[in-house]
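Undergrad: Contents of work34.cif (mmCIF, C-alpha atoms):
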data_final
loop_
_atom_site.label_atom_id
_atom_site.label_comp_id
_atom_site.auth_asym_id
_atom_site.auth_seq_id
_atom_site.Cartn_x
_atom_site.Cartn_y
_atom_site.Cartn_z
CA MET E 269 20.70 25.76 -41.40
CA PRO E 270 18.21 27.83 -39.37
CA GLU E 271 18.09 27.38 -35.63
CA PRO E 272 15.23 25.12 -34.52
CA THR E 273 12.17 26.54 -32.81
CA VAL E 274 11.36 25.93 -29.18
CA ASP E 275 8.93 23.11 -29.97
CA THR E 276 11.59 21.07 -31.76
CA VAL E 277 14.11 20.97 -28.93
CA ARG E 278 12.08 19.50 -26.10
CA GLU E 279 13.81 16.13 -26.33
CA THR E 280 17.31 17.37 -27.14
CA VAL E 281 18.08 20.06 -24.58
CA PRO E 282 19.52 18.60 -21.35
CA GLU E 283 17.75 19.48 -18.15
CA ALA E 284 19.36 21.79 -15.62
CA PRO E 285 18.84 21.32 -11.88
CA PRO E 286 15.33 22.65 -11.30
CA LEU E 287 14.33 25.18 -8.68
CA ALA E 288 11.22 23.32 -7.64
CA GLU E 289 11.51 19.65 -8.50
CA ALA E 290 10.23 19.55 -12.09
CA SER E 291 11.76 19.54 -15.54
CA VAL E 292 11.16 22.39 -17.95
CA SER E 293 9.28 21.92 -21.18
CA VAL E 294 7.45 24.03 -23.72
CA GLN E 295 3.86 23.03 -24.27
CA GLY E 296 1.84 23.87 -27.32
CA ASP E 297 -1.85 23.13 -27.46
CA THR E 298 -3.02 19.73 -28.52
CA ASP E 299 -5.87 18.79 -30.79
CA GLY E 300 -6.44 15.44 -29.08
CA LEU E 301 -8.12 14.81 -25.77
CA ALA E 302 -5.92 12.42 -23.83
CA VAL E 303 -7.20 10.43 -20.88
CA MET E 304 -5.63 12.32 -17.97
CA LYS E 305 -5.78 11.66 -14.25
CA PRO E 306 -7.47 14.38 -12.21
CA VAL E 307 -5.05 16.86 -10.65
CA PRO E 308 -4.82 16.45 -6.85
CA ARG E 309 -6.02 19.03 -4.32
CA ILE E 310 -3.60 21.88 -4.92
CA THR E 311 -3.80 25.66 -4.84
CA ILE E 312 -3.02 27.57 -8.04
CA HIS E 313 -2.53 31.33 -8.38
CA ALA E 314 -2.30 32.90 -11.84
CA PHE E 315 -1.03 36.44 -12.50
CA CYS E 316 -1.88 37.50 -16.04
CA GLU E 317 -1.23 40.53 -18.20
CA GLN E 318 -3.80 39.87 -20.91
CA PRO E 319 -7.54 39.31 -20.24
CA GLY E 320 -7.57 36.51 -22.82
CA THR E 321 -4.91 34.59 -20.91
CA GLY E 322 -6.82 34.95 -17.66
CA SER E 323 -10.00 33.77 -19.36
CA ALA E 324 -8.29 30.66 -20.78
CA ILE E 325 -6.86 29.76 -17.36
CA GLN E 326 -10.21 30.37 -15.69
CA ARG E 327 -11.94 28.06 -18.17
CA ALA E 328 -9.28 25.43 -17.55
CA GLY E 329 -9.98 25.68 -13.82
CA GLU E 330 -13.63 24.80 -14.48
CA ASP E 331 -12.66 21.56 -16.21
CA ARG E 332 -13.51 18.25 -14.51
CA ARG E 333 -9.82 17.30 -14.34
CA LEU E 334 -9.05 20.36 -12.19
CA ALA E 335 -12.18 20.00 -10.05
CA LYS E 336 -10.17 19.32 -6.88
CA ALA E 337 -7.75 22.21 -7.40
CA HIS E 338 -8.42 25.71 -6.06
CA LEU E 339 -7.60 28.29 -8.74
CA THR E 340 -7.45 32.07 -8.39
CA VAL E 341 -6.72 34.42 -11.31
CA HIS E 342 -5.17 37.88 -10.74
CA MET E 343 -3.96 40.53 -13.15
CA GLY E 344 -0.60 42.31 -13.12
CA GLY E 345 1.89 39.66 -14.27
CA ILE E 346 5.17 38.95 -12.46
CA PRO E 347 5.42 42.33 -10.65
CA ALA E 348 2.00 41.77 -9.07
CA ALA E 349 3.02 38.27 -7.99
CA ILE E 350 6.21 39.54 -6.36
CA GLU E 351 4.31 42.19 -4.45
CA HIS E 352 1.58 39.76 -3.42
CA TYR E 353 3.99 37.21 -1.94
CA GLN E 354 6.06 39.69 0.04
CA GLN E 355 3.77 39.07 2.99
CA THR E 356 1.89 35.92 1.91
CA ALA E 357 2.93 32.28 1.63
CA THR E 358 3.10 30.97 -1.91
CA PRO E 359 0.69 28.29 -3.16
CA ASN E 360 1.54 24.93 -4.74
CA LEU E 361 1.66 26.45 -8.21
CA ILE E 362 2.16 29.98 -9.52
CA MET E 363 1.43 30.85 -13.16
CA VAL E 364 2.77 34.22 -14.36
CA GLU E 365 2.37 35.90 -17.72
CA THR E 366 4.97 38.25 -19.17
CA ARG E 367 5.46 40.14 -22.42
CA VAL E 368 9.04 41.22 -21.68
CA GLY E 369 12.26 39.35 -22.42
CA GLY E 370 15.98 39.59 -21.92
CA PRO E 371 17.54 40.87 -18.69
CA GLU E 372 14.32 42.48 -17.49
CA LEU E 373 12.46 39.15 -17.57
CA PHE E 374 15.16 37.24 -15.74
CA ASN E 375 15.55 39.98 -13.13
CA GLN E 376 11.82 39.64 -12.45
CA LEU E 377 12.09 35.85 -12.25
CA GLY E 378 14.97 36.17 -9.81
CA ALA E 379 12.93 38.47 -7.61
CA LEU E 380 10.01 36.04 -7.76
CA ALA E 381 12.26 33.14 -6.75
CA GLU E 382 13.29 35.05 -3.63
CA VAL E 383 9.71 35.19 -2.35
CA CYS E 384 8.75 31.61 -3.33
CA ASP E 385 8.51 28.96 -0.62
CA ALA E 386 10.32 25.67 -1.07
CA GLY E 387 8.31 23.26 -3.22
CA THR E 388 6.34 25.92 -5.08
CA LYS E 389 6.24 25.30 -8.81
CA VAL E 390 6.33 28.14 -11.34
CA VAL E 391 4.86 28.22 -14.84
CA VAL E 392 5.78 31.16 -17.09
CA ILE E 393 3.46 32.19 -19.91
CA GLY E 394 5.36 34.10 -22.56
CA HIS E 395 4.76 35.55 -26.00
CA MET E 396 8.08 34.60 -27.61
CA ASN E 397 8.72 31.22 -29.17
CA ASP E 398 12.51 31.44 -29.02
CA VAL E 399 15.03 28.65 -28.34
CA SER E 400 17.49 30.83 -26.43
CA LEU E 401 14.69 31.98 -24.12
CA TYR E 402 13.69 28.36 -23.61
CA ARG E 403 17.22 27.37 -22.61
CA GLU E 404 17.54 30.23 -20.19
CA MET E 405 14.23 29.27 -18.62
CA ILE E 406 15.75 25.87 -17.88
CA ARG E 407 18.75 27.45 -16.21
CA GLN E 408 16.46 29.67 -14.14
CA GLY E 409 14.59 26.59 -12.87
CA VAL E 410 11.14 27.43 -14.24
CA ASN E 411 8.96 24.32 -14.17
CA GLU E 412 7.00 24.94 -17.36
CA TYR E 413 6.99 27.49 -20.16
CA LEU E 414 3.83 28.03 -22.21
CA VAL E 415 3.59 30.17 -25.32
CA ALA E 416 0.50 32.39 -25.59
CA PRO E 417 -2.21 32.42 -26.79
CA LEU E 418 -3.41 29.61 -24.55
CA ARG E 419 -6.23 27.14 -24.90
CA PRO E 420 -7.76 25.60 -21.78
CA ILE E 421 -6.82 22.02 -22.70
CA GLY E 422 -3.15 23.07 -23.03
CA VAL E 423 -3.23 24.57 -19.55
CA ILE E 424 -4.82 21.41 -18.15
CA GLU E 425 -2.19 19.16 -19.72
CA ALA E 426 0.65 21.38 -18.49
CA ILE E 427 -0.59 21.27 -14.90
CA SER E 428 -1.22 17.52 -15.14
CA ARG E 429 2.37 16.87 -16.20
CA LEU E 430 3.64 18.71 -13.13
CA TYR E 431 1.57 16.77 -10.61
CA ILE E 432 0.96 13.35 -12.15
CA ASP E 433 3.76 10.79 -11.93
CA PRO E 434 4.86 10.05 -15.52
CA ASP E 435 5.91 6.54 -14.46
CA ALA E 436 2.49 5.77 -12.97
CA PRO E 437 0.45 3.24 -14.93
CA PRO E 438 -2.08 4.72 -17.35
CA ILE E 439 -5.71 4.95 -16.36
CA GLY E 440 -8.58 3.51 -18.32
CA ARG E 441 -11.11 5.42 -20.36
CA THR E 442 -14.55 5.69 -18.75
CA ILE E 443 -17.63 5.63 -20.98
CA ALA E 444 -20.88 6.54 -19.21
CA PHE E 445 -24.24 5.43 -20.62
CA ILE E 446 -27.51 7.02 -19.52
CA GLY E 447 -31.05 6.88 -20.85
CA ALA E 448 -32.94 10.05 -21.70
CA LYS E 449 -35.88 8.34 -19.98
CA GLY E 450 -36.68 4.89 -18.63
CA GLY E 451 -37.00 2.09 -21.17
CA THR E 452 -34.80 3.54 -23.93
CA GLY E 453 -32.46 0.53 -23.89
CA SER E 454 -29.42 2.35 -22.49
CA SER E 455 -28.22 -0.66 -20.47
CA THR E 456 -28.57 -3.01 -23.44
CA ILE E 457 -26.52 -0.66 -25.60
CA ALA E 458 -23.88 -0.24 -22.86
CA HIS E 459 -23.47 -4.00 -22.48
CA ASN E 460 -23.24 -4.61 -26.22
CA VAL E 461 -20.67 -1.84 -26.67
CA GLY E 462 -18.60 -3.30 -23.83
CA TRP E 463 -18.74 -6.69 -25.54
CA CYS E 464 -17.67 -5.23 -28.91
CA ILE E 465 -14.73 -3.35 -27.39
CA SER E 466 -13.49 -6.46 -25.59
CA SER E 467 -13.99 -8.87 -28.48
CA GLY E 468 -13.27 -6.70 -31.50
CA MET E 469 -10.54 -4.39 -30.18
CA ASP E 470 -8.77 -6.83 -27.85
CA GLU E 471 -9.08 -4.50 -24.88
CA ASP E 472 -9.82 -5.49 -21.31
CA VAL E 473 -13.21 -4.08 -20.30
CA VAL E 474 -15.09 -3.85 -17.01
CA ILE E 475 -18.83 -3.15 -17.13
CA THR E 476 -20.00 -1.49 -13.91
CA ASP E 477 -23.73 -1.72 -13.23
CA MET E 478 -24.66 1.30 -11.10
CA ASP E 479 -28.37 0.44 -10.89
CA LEU E 480 -28.09 -1.43 -7.59
CA PRO E 481 -31.76 -2.44 -7.08
CA PHE E 482 -32.73 -3.13 -10.71
CA GLY E 483 -29.51 -3.65 -12.70
CA THR E 484 -29.65 -6.06 -15.66
CA ALA E 485 -25.97 -6.65 -16.42
CA GLY E 486 -26.01 -10.00 -14.61
CA LEU E 487 -29.07 -11.11 -16.58
CA ASP E 488 -27.73 -9.92 -19.93
CA PHE E 489 -24.52 -11.93 -19.46
CA ASN E 490 -26.24 -14.90 -17.81
CA GLN E 491 -24.38 -14.39 -14.53
CA ASP E 492 -25.60 -14.50 -10.92
CA PRO E 493 -22.71 -13.24 -8.76
CA ALA E 494 -22.97 -13.42 -5.00
CA GLN E 495 -20.91 -10.23 -4.60
CA GLY E 496 -20.51 -7.14 -6.69
CA ILE E 497 -20.34 -3.38 -6.82
CA ALA E 498 -22.61 -2.87 -3.79
CA ASP E 499 -19.96 -4.48 -1.57
CA ALA E 500 -17.36 -2.06 -2.91
CA LEU E 501 -19.57 1.01 -2.50
CA THR E 502 -20.40 0.04 1.09
CA ALA E 503 -16.74 0.26 2.11
CA PRO E 504 -14.76 1.95 -0.69
CA GLU E 505 -11.73 2.41 1.58
CA ARG E 506 -11.30 -1.40 1.67
CA LEU E 507 -11.26 -1.80 -2.11
CA ASP E 508 -7.87 -2.79 -3.52
CA ASP E 509 -6.67 -4.95 -6.40
CA VAL E 510 -7.12 -8.18 -4.44
CA LEU E 511 -10.69 -7.42 -3.33
CA LEU E 512 -11.56 -6.07 -6.78
CA ASP E 513 -10.50 -9.33 -8.42
CA ARG E 514 -12.73 -11.22 -6.00
CA LEU E 515 -15.74 -9.01 -6.67
CA LEU E 516 -15.48 -8.99 -10.47
CA VAL E 517 -17.16 -11.70 -12.54
CA LYS E 518 -15.16 -12.83 -15.55
CA CYS E 519 -17.47 -13.24 -18.56
CA THR E 520 -14.77 -13.75 -21.19
CA GLU E 521 -11.01 -13.53 -21.33
CA ARG E 522 -11.20 -9.74 -21.71
CA LEU E 523 -14.62 -8.82 -20.31
CA SER E 524 -15.43 -8.62 -16.61
CA LEU E 525 -18.60 -7.61 -14.84
CA PHE E 526 -19.04 -5.46 -11.73
CA ALA E 527 -22.61 -6.53 -11.19
CA ALA E 528 -25.40 -4.97 -9.17
CA PRO E 529 -27.15 -7.11 -6.52
CA ALA E 530 -30.61 -6.35 -7.99
CA VAL E 531 -32.42 -7.05 -4.72
CA LEU E 532 -34.89 -5.01 -2.70
CA ASP E 533 -34.29 -6.42 0.78
CA ARG E 534 -31.96 -3.57 1.70
CA ASP E 535 -31.64 0.12 0.99
CA PHE E 536 -28.81 1.50 -1.12
CA GLU E 537 -27.53 4.95 -0.26
CA MET E 538 -25.19 6.17 -2.97
CA ASP E 539 -22.82 9.08 -2.48
CA ALA E 540 -20.62 10.81 -5.03
CA GLU E 541 -17.34 10.31 -3.14
CA SER E 542 -17.77 6.54 -2.83
CA CYS E 543 -18.68 6.19 -6.52
CA GLU E 544 -15.68 8.28 -7.55
CA SER E 545 -13.33 6.29 -5.33
CA VAL E 546 -14.53 2.91 -6.61
CA LEU E 547 -14.40 3.94 -10.28
CA GLU E 548 -10.90 5.37 -9.88
CA ILE E 549 -9.65 2.03 -8.58
CA VAL E 550 -11.41 0.09 -11.36
CA ARG E 551 -10.00 2.29 -14.13
CA GLU E 552 -6.45 1.81 -12.85
CA GLY E 553 -6.62 -1.85 -13.83
CA VAL E 554 -8.25 -1.88 -17.29
CA PRO E 555 -8.10 0.25 -20.46
CA CYS E 556 -11.88 0.67 -20.66
CA VAL E 557 -14.61 1.01 -18.01
CA ILE E 558 -18.26 0.98 -19.13
CA VAL E 559 -20.44 2.81 -16.59
CA ASP E 560 -24.10 1.78 -16.86
CA LEU E 561 -26.05 4.54 -15.08
CA PRO E 562 -29.69 4.19 -14.04
CA HIS E 563 -32.32 6.71 -15.08
CA VAL E 564 -32.26 8.67 -11.84
CA TRP E 565 -30.94 12.17 -11.21
CA ALA E 566 -28.98 12.57 -8.00
CA PRO E 567 -25.69 14.26 -7.02
CA TRP E 568 -23.75 11.01 -7.50
CA THR E 569 -25.29 10.37 -10.94
CA LYS E 570 -24.43 13.86 -12.12
CA LYS E 571 -20.87 13.66 -10.83
CA VAL E 572 -20.18 10.24 -12.38
CA LEU E 573 -21.69 11.34 -15.69
CA LEU E 574 -19.73 14.59 -15.96
CA ALA E 575 -16.47 12.92 -14.89
CA ALA E 576 -16.58 10.34 -17.70
CA ASP E 577 -14.26 10.55 -20.70
CA GLU E 578 -17.14 9.83 -23.09
CA ILE E 579 -20.91 10.09 -22.62
CA VAL E 580 -23.62 8.20 -24.50
CA ILE E 581 -27.26 9.31 -24.21
CA THR E 582 -29.82 6.77 -25.43
CA ALA E 583 -33.16 8.17 -26.54
CA THR E 584 -36.29 7.06 -28.35
CA PRO E 585 -38.02 9.22 -30.98
CA ASP E 586 -40.65 10.76 -28.70
CA LEU E 587 -41.19 14.11 -27.02
CA ALA E 588 -40.10 13.14 -23.50
CA SER E 589 -36.83 11.67 -24.78
CA LEU E 590 -36.23 14.75 -26.92
CA ARG E 591 -36.72 17.13 -24.01
CA ASN E 592 -34.58 15.10 -21.59
CA ALA E 593 -31.82 14.42 -24.13
CA LYS E 594 -31.59 18.13 -24.90
CA ASN E 595 -31.38 18.97 -21.19
CA ILE E 596 -28.58 16.45 -20.65
CA LEU E 597 -26.74 17.64 -23.76
CA ASP E 598 -26.99 21.29 -22.68
CA LEU E 599 -25.67 20.41 -19.23
CA THR E 600 -22.72 18.43 -20.55
CA ARG E 601 -21.80 21.12 -23.09
CA GLN E 602 -21.73 23.75 -20.37
CA ALA E 603 -19.93 21.64 -17.75
CA ARG E 604 -17.44 19.95 -20.14
CA PRO E 605 -16.33 22.60 -22.66
CA ASN E 606 -12.96 20.92 -23.22
CA ASP E 607 -14.34 17.41 -23.84
CA ASN E 608 -15.92 15.66 -26.79
CA PRO E 609 -19.67 16.32 -26.99
CA ALA E 610 -21.95 13.55 -25.77
CA HIS E 611 -23.05 10.92 -28.29
CA ILE E 612 -26.71 10.38 -29.06
CA VAL E 613 -28.05 6.90 -29.82
CA LEU E 614 -31.59 6.99 -31.18
CA ASN E 615 -33.12 3.60 -30.43
CA GLN E 616 -36.35 1.74 -31.32
CA VAL E 617 -36.95 3.78 -34.46
CA GLY E 618 -39.86 2.62 -36.62
CA MET E 619 -42.08 0.98 -34.01
CA PRO E 620 -45.33 0.02 -35.79
CA LYS E 621 -48.37 2.24 -35.15
CA ARG E 622 -46.40 4.58 -32.87
CA PRO E 623 -46.22 8.26 -33.85
CA GLU E 624 -42.55 9.31 -33.94
CA ILE E 625 -40.42 12.41 -34.25
CA PRO E 626 -38.42 12.06 -37.48
CA VAL E 627 -34.68 11.48 -37.00
CA LYS E 628 -33.79 14.73 -38.78
CA ASP E 629 -36.22 16.79 -36.67
CA PHE E 630 -34.95 15.14 -33.48
CA ALA E 631 -31.36 16.08 -34.37
CA GLU E 632 -32.31 19.69 -35.15
CA ALA E 633 -34.21 20.05 -31.89
CA VAL E 634 -31.43 18.74 -29.64
CA GLY E 635 -28.67 20.43 -31.65
CA SER E 636 -26.71 17.26 -32.36
CA GLU E 637 -26.95 14.50 -34.94
CA ALA E 638 -27.21 10.95 -33.68
CA THR E 639 -24.04 8.89 -33.76
CA LEU E 640 -26.15 5.76 -34.19
CA VAL E 641 -29.77 5.13 -35.18
CA LEU E 642 -31.18 1.69 -34.40
CA PRO E 643 -34.50 0.29 -35.69
CA PHE E 644 -37.21 -1.29 -33.59
CA ASN E 645 -36.27 -5.00 -33.59
CA PRO E 646 -38.00 -6.73 -30.66
CA GLY E 647 -37.31 -10.23 -31.94
CA LEU E 648 -33.53 -9.84 -32.05
CA PHE E 649 -33.17 -7.92 -28.79
CA GLY E 650 -35.73 -10.05 -26.98
CA THR E 651 -34.00 -13.29 -27.95
CA ALA E 652 -30.62 -11.91 -26.87
CA ALA E 653 -31.99 -10.79 -23.50
CA ASN E 654 -33.75 -14.07 -22.79
CA ASN E 655 -30.68 -16.12 -23.76
CA GLY E 656 -28.20 -13.96 -21.84
CA GLN E 657 -26.34 -13.22 -25.08
CA MET E 658 -25.04 -10.19 -26.94
CA ILE E 659 -26.26 -9.15 -30.39
CA GLU E 660 -22.87 -9.94 -31.91
CA GLU E 661 -23.16 -13.51 -30.64
CA LEU E 662 -26.56 -13.98 -32.29
CA GLU E 663 -26.06 -12.12 -35.58
CA PRO E 664 -22.39 -11.18 -35.98
CA LYS E 665 -22.88 -10.17 -39.63
CA GLY E 666 -26.14 -8.32 -39.10
CA LYS E 667 -26.62 -4.58 -39.39
CA THR E 668 -27.27 -4.14 -35.67
CA ALA E 669 -24.00 -5.81 -34.69
CA GLU E 670 -22.26 -3.69 -37.31
CA GLY E 671 -23.78 -0.61 -35.70
CA PHE E 672 -22.52 -1.54 -32.24
CA ARG E 673 -19.02 -2.07 -33.64
CA PHE E 674 -19.17 1.34 -35.29
CA LEU E 675 -20.26 3.04 -32.06
CA SER E 676 -17.51 1.23 -30.14
CA GLN E 677 -14.89 2.50 -32.55
CA GLN E 678 -16.19 6.05 -32.25
CA LEU E 679 -16.06 5.92 -28.46
CA CYS E 680 -12.52 4.52 -28.41
CA GLY E 681 -11.17 6.98 -30.97
CA ARG E 682 -10.55 4.31 -33.60
CA GLU E 683 -10.83 5.20 -37.27
CA SER E 684 -14.00 3.86 -38.79
CA ARG E 685 -16.50 4.67 -41.46
CA ALA E 686 -20.25 4.44 -41.03
CA PRO E 687 -21.55 1.29 -42.72
CA LYS E 688 -24.04 1.83 -45.49
CA ALA E 689 -27.64 0.87 -44.85
CA ALA E 690 -30.14 -0.25 -47.47
CA LYS E 691 -32.27 2.61 -48.73
CA SER E 692 -35.44 0.72 -47.89
CA SER E 693 -34.40 0.13 -44.30
CA LEU E 694 -35.12 2.40 -41.36
CA PHE E 695 -31.69 1.48 -40.04
CA SER E 696 -28.95 4.02 -40.55
CA PHE E 697 -25.68 5.13 -39.06
CA LEU E 698 -25.13 8.85 -38.80
CA SER E 699 -21.63 10.13 -38.23
CA ARG E 700 -21.90 12.91 -35.72
CA LYS E 701 -20.84 16.39 -36.75
CA GLY E 702 -18.33 17.92 -34.39
#
Take the structure I supplied and represent it as structure tokens, if you would.
TA:
Amino acid sequence: MPEPTVDTVRETVPEAPPLAEASVSVQGDTDGLAVMKPVPRITIHAFCEQPGTGSAIQRAGEDRRLAKAHLTVHMGGIPAAIEHYQQTATPNLIMVETRVGGPELFNQLGALAEVCDAGTKVVVIGHMNDVSLYREMIRQGVNEYLVAPLRPIGVIEAISRLYIDPDAPPIGRTIAFIGAKGGTGSSTIAHNVGWCISSGMDEDVVITDMDLPFGTAGLDFNQDPAQGIADALTAPERLDDVLLDRLLVKCTERLSLFAAPAVLDRDFEMDAESCESVLEIVREGVPCVIVDLPHVWAPWTKKVLLAADEIVITATPDLASLRNAKNILDLTRQARPNDNPAHIVLNQVGMPKRPEIPVKDFAEAVGSEATLVLPFNPGLFGTAANNGQMIEELEPKGKTAEGFRFLSQQLCGRESRAPKAAKSSLFSFLSRKG
């Protein structure tokens, strides 16, 4: 029987006492995008031999999950690292690439260990997928061994495993909704998706209304809370599980609301750090956090949007929406190369007497097909808004409710097929091309 490869022995090889407090594992790249906690503020130095390896690590360092880390990429491999740290303190994490093996490799690792400060973690990037090499890496106390060629998401996951407590509770997925312009119906879609996830997928959901002066989440769910997200943003350092429970409004068994005050008698000054802190605490308690963003562009809006696990852009079939949706899509593609592309929801299609950009032309112009196309239906949406109800409550078997369920499944990574629409109807569901 042939000897197993490195990837097959991760769970069977016993761990040796590590040099720097972490177990050794071999990480291949993953096709999925797991919900990972951001890496804390650490310093990372990488010493590469191949330009492609350095490029992959550099792209990983630009990812939102490594935004707090300080990453520097050097060339020269292990010898350059040894020389560099002769007179310089070592960082939190050193990543070194090598193409050699056998005694030469382990002599270099021994020399590197002599110049490493206590607590420094070491990741070796090799070009040999060999079980004996893997076992020797364990005995040498290397914290992680990656096999080249690398992809950025594999680097991110490897670093996350070293610095995120595996026994810590999982964090919830954040889904950010933003309108390409005012009046597209982004908030309505966010609230209905939150409802569908909580009712149809049996997941706990918190809807956070970030439009403090004009938010409609309270109206849409027929709630009038005395406290809400503004109280948390005013003093984020005071927010804990106890205070959070007091500020949340429970709409159903699985759906809670972090409502906006929607008053104009005081000014609201939002800052990115407070928003990030509050959302981090919220997502520690529930599997799904819906973030309803207002149509404003500020540093805090941009940071919250780009930090989300999934993004939904709601647009209407007109020129202003097309331009703005394309700008947001281009920004998210550039800033989030390792994440799923943003979803487009094209809303209010087929409004009588209004000139429109055809759905196909809209998709070609923005460079992305719509995940969901919704027809103009003022009667249904108006009744739901006035009654403080969700579409699924009014017409659970209707095409619009079916569309919201489909979008919810796409956002949560559940398998689903686009429901078929009647040929005579303007309503359609378009599965996005990757």
Undergrad: What lies within 7 Å of region 334-351 of chain E using all atoms listed in the file, ignoring chain neighbours under 2 positions off, as an mmCIF file with C-alpha atoms, in the frame of the given file?
TA:
data_model
loop_
_atom_site.group_PDB
_atom_site.id
_atom_site.type_symbol
_atom_site.label_atom_id
_atom_site.label_comp_id
_atom_site.auth_asym_id
_atom_site.auth_seq_id
_atom_site.Cartn_x
_atom_site.Cartn_y
_atom_site.Cartn_z
ATOM 1 C CA PRO E 306 -7.470 14.380 -12.210
ATOM 2 C CA VAL E 307 -5.050 16.860 -10.650
ATOM 3 C CA PRO E 308 -4.820 16.450 -6.850
ATOM 4 C CA ARG E 309 -6.020 19.030 -4.320
ATOM 5 C CA ILE E 310 -3.600 21.880 -4.920
ATOM 6 C CA THR E 311 -3.800 25.660 -4.840
ATOM 7 C CA ILE E 312 -3.020 27.570 -8.040
ATOM 8 C CA HIS E 313 -2.530 31.330 -8.380
ATOM 9 C CA ALA E 314 -2.300 32.900 -11.840
ATOM 10 C CA PHE E 315 -1.030 36.440 -12.500
ATOM 11 C CA CYS E 316 -1.880 37.500 -16.040
ATOM 12 C CA GLU E 317 -1.230 40.530 -18.200
ATOM 13 C CA GLY E 322 -6.820 34.950 -17.660
ATOM 14 C CA GLN E 326 -10.210 30.370 -15.690
ATOM 15 C CA GLY E 329 -9.980 25.680 -13.820
ATOM 16 C CA GLU E 330 -13.630 24.800 -14.480
ATOM 17 C CA ASP E 331 -12.660 21.560 -16.210
ATOM 18 C CA ARG E 332 -13.510 18.250 -14.510
ATOM 19 C CA TYR E 353 3.990 37.210 -1.940
ATOM 20 C CA GLN E 354 6.060 39.690 0.040
ATOM 21 C CA VAL E 364 2.770 34.220 -14.360
ATOM 22 C CA GLU E 365 2.370 35.900 -17.720
ATOM 23 C CA THR E 366 4.970 38.250 -19.170
ATOM 24 C CA GLN E 376 11.820 39.640 -12.450
ATOM 25 C CA ALA E 379 12.930 38.470 -7.610
ATOM 26 C CA LEU E 380 10.010 36.040 -7.760
ATOM 27 C CA VAL E 383 9.710 35.190 -2.350
#
Undergrad: Which residues come within 7 Å of Met658 (chain E), counting only C-alpha atoms, excluding same-chain residues fewer than 4 positions away, as a ChimeraX atom specification?
TA: /E:460,652,662
Undergrad: For C-alpha atoms, I'd like the residues from the last selection saved as a PDB file, in the coordinates of the input.
TA:
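Produced file result_31.pdb, reproduced below:
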ATOM      1  CA  ASN E 460     -23.240  -4.610 -26.220  1.00  0.00           C
ATOM      2  CA  ALA E 652     -30.620 -11.910 -26.870  1.00  0.00           C
ATOM      3  CA  LEU E 662     -26.560 -13.980 -32.290  1.00  0.00           C
TER       4      LEU E 662
END
Undergrad: Residues near region 515-520 of chain E, anyone? I mean within 8 Å using only C-alpha atoms, not counting same-chain ones fewer than 2 positions away, as a PDB file with C-alpha atoms, keeping the file's coordinate frame.
TA:
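Result file follows (out08.pdb):
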ATOM      1  CA  PHE E 489     -24.520 -11.930 -19.460  1.00  0.00           C
ATOM      2  CA  GLN E 491     -24.380 -14.390 -14.530  1.00  0.00           C
ATOM      3  CA  PRO E 493     -22.710 -13.240  -8.760  1.00  0.00           C
ATOM      4  CA  GLN E 495     -20.910 -10.230  -4.600  1.00  0.00           C
ATOM      5  CA  GLY E 496     -20.510  -7.140  -6.690  1.00  0.00           C
ATOM      6  CA  ILE E 497     -20.340  -3.380  -6.820  1.00  0.00           C
ATOM      7  CA  LEU E 511     -10.690  -7.420  -3.330  1.00  0.00           C
ATOM      8  CA  LEU E 512     -11.560  -6.070  -6.780  1.00  0.00           C
ATOM      9  CA  ASP E 513     -10.500  -9.330  -8.420  1.00  0.00           C
ATOM     10  CA  ARG E 522     -11.200  -9.740 -21.710  1.00  0.00           C
ATOM     11  CA  LEU E 523     -14.620  -8.820 -20.310  1.00  0.00           C
ATOM     12  CA  SER E 524     -15.430  -8.620 -16.610  1.00  0.00           C
ATOM     13  CA  LEU E 525     -18.600  -7.610 -14.840  1.00  0.00           C
ATOM     14  CA  PHE E 526     -19.040  -5.460 -11.730  1.00  0.00           C
ATOM     15  CA  ALA E 527     -22.610  -6.530 -11.190  1.00  0.00           C
TER      16      ALA E 527
END
Undergrad: Produce a table with one row for each residue of region 581-696 of chain E that has an atom at most 10 Å from any atom of region 480-487 of chain E, each row naming the nearest atom pair and its distance in Å at one decimal; use all atoms listed in the file; arrange rows by chain and rising residue number; format as JSON lines.
TA:
{"residue": "E:Ala653", "atom": "CA", "partner": "E:Leu487", "partner_atom": "CA", "distance": 7.5}
{"residue": "E:Asn654", "atom": "CA", "partner": "E:Leu487", "partner_atom": "CA", "distance": 8.3}
{"residue": "E:Asn655", "atom": "CA", "partner": "E:Leu487", "partner_atom": "CA", "distance": 8.9}
{"residue": "E:Gly656", "atom": "CA", "partner": "E:Leu487", "partner_atom": "CA", "distance": 6.0}
{"residue": "E:Gln657", "atom": "CA", "partner": "E:Leu487", "partner_atom": "CA", "distance": 9.2}
Undergrad: Show me, as JSON, the centre and edge lengths in Å to one decimal of the axis-aligned box that covers every listed atom of region 515-518 of chain E with 6 Å on each side.
TA:
{"center_x": -16.2, "center_y": -10.9, "center_z": -11.1, "size_x": 14.0, "size_y": 15.8, "size_z": 20.9}
Undergrad: Please write the residues picked by the PyMOL selection byres ((chain E and resi 544) around 12) on this file as a count of residues only.
TA: 31
Undergrad: Fewer than 3 positions away in the same chain doesn't count, so skip those; otherwise give me all residues within 12 Å of Leu597 (chain E), counting only C-alpha atoms, as a PyMOL selection string.
TA: chain E and resi 446-448+573-574+579-583+589-594+600-605+608-612+631+633-638
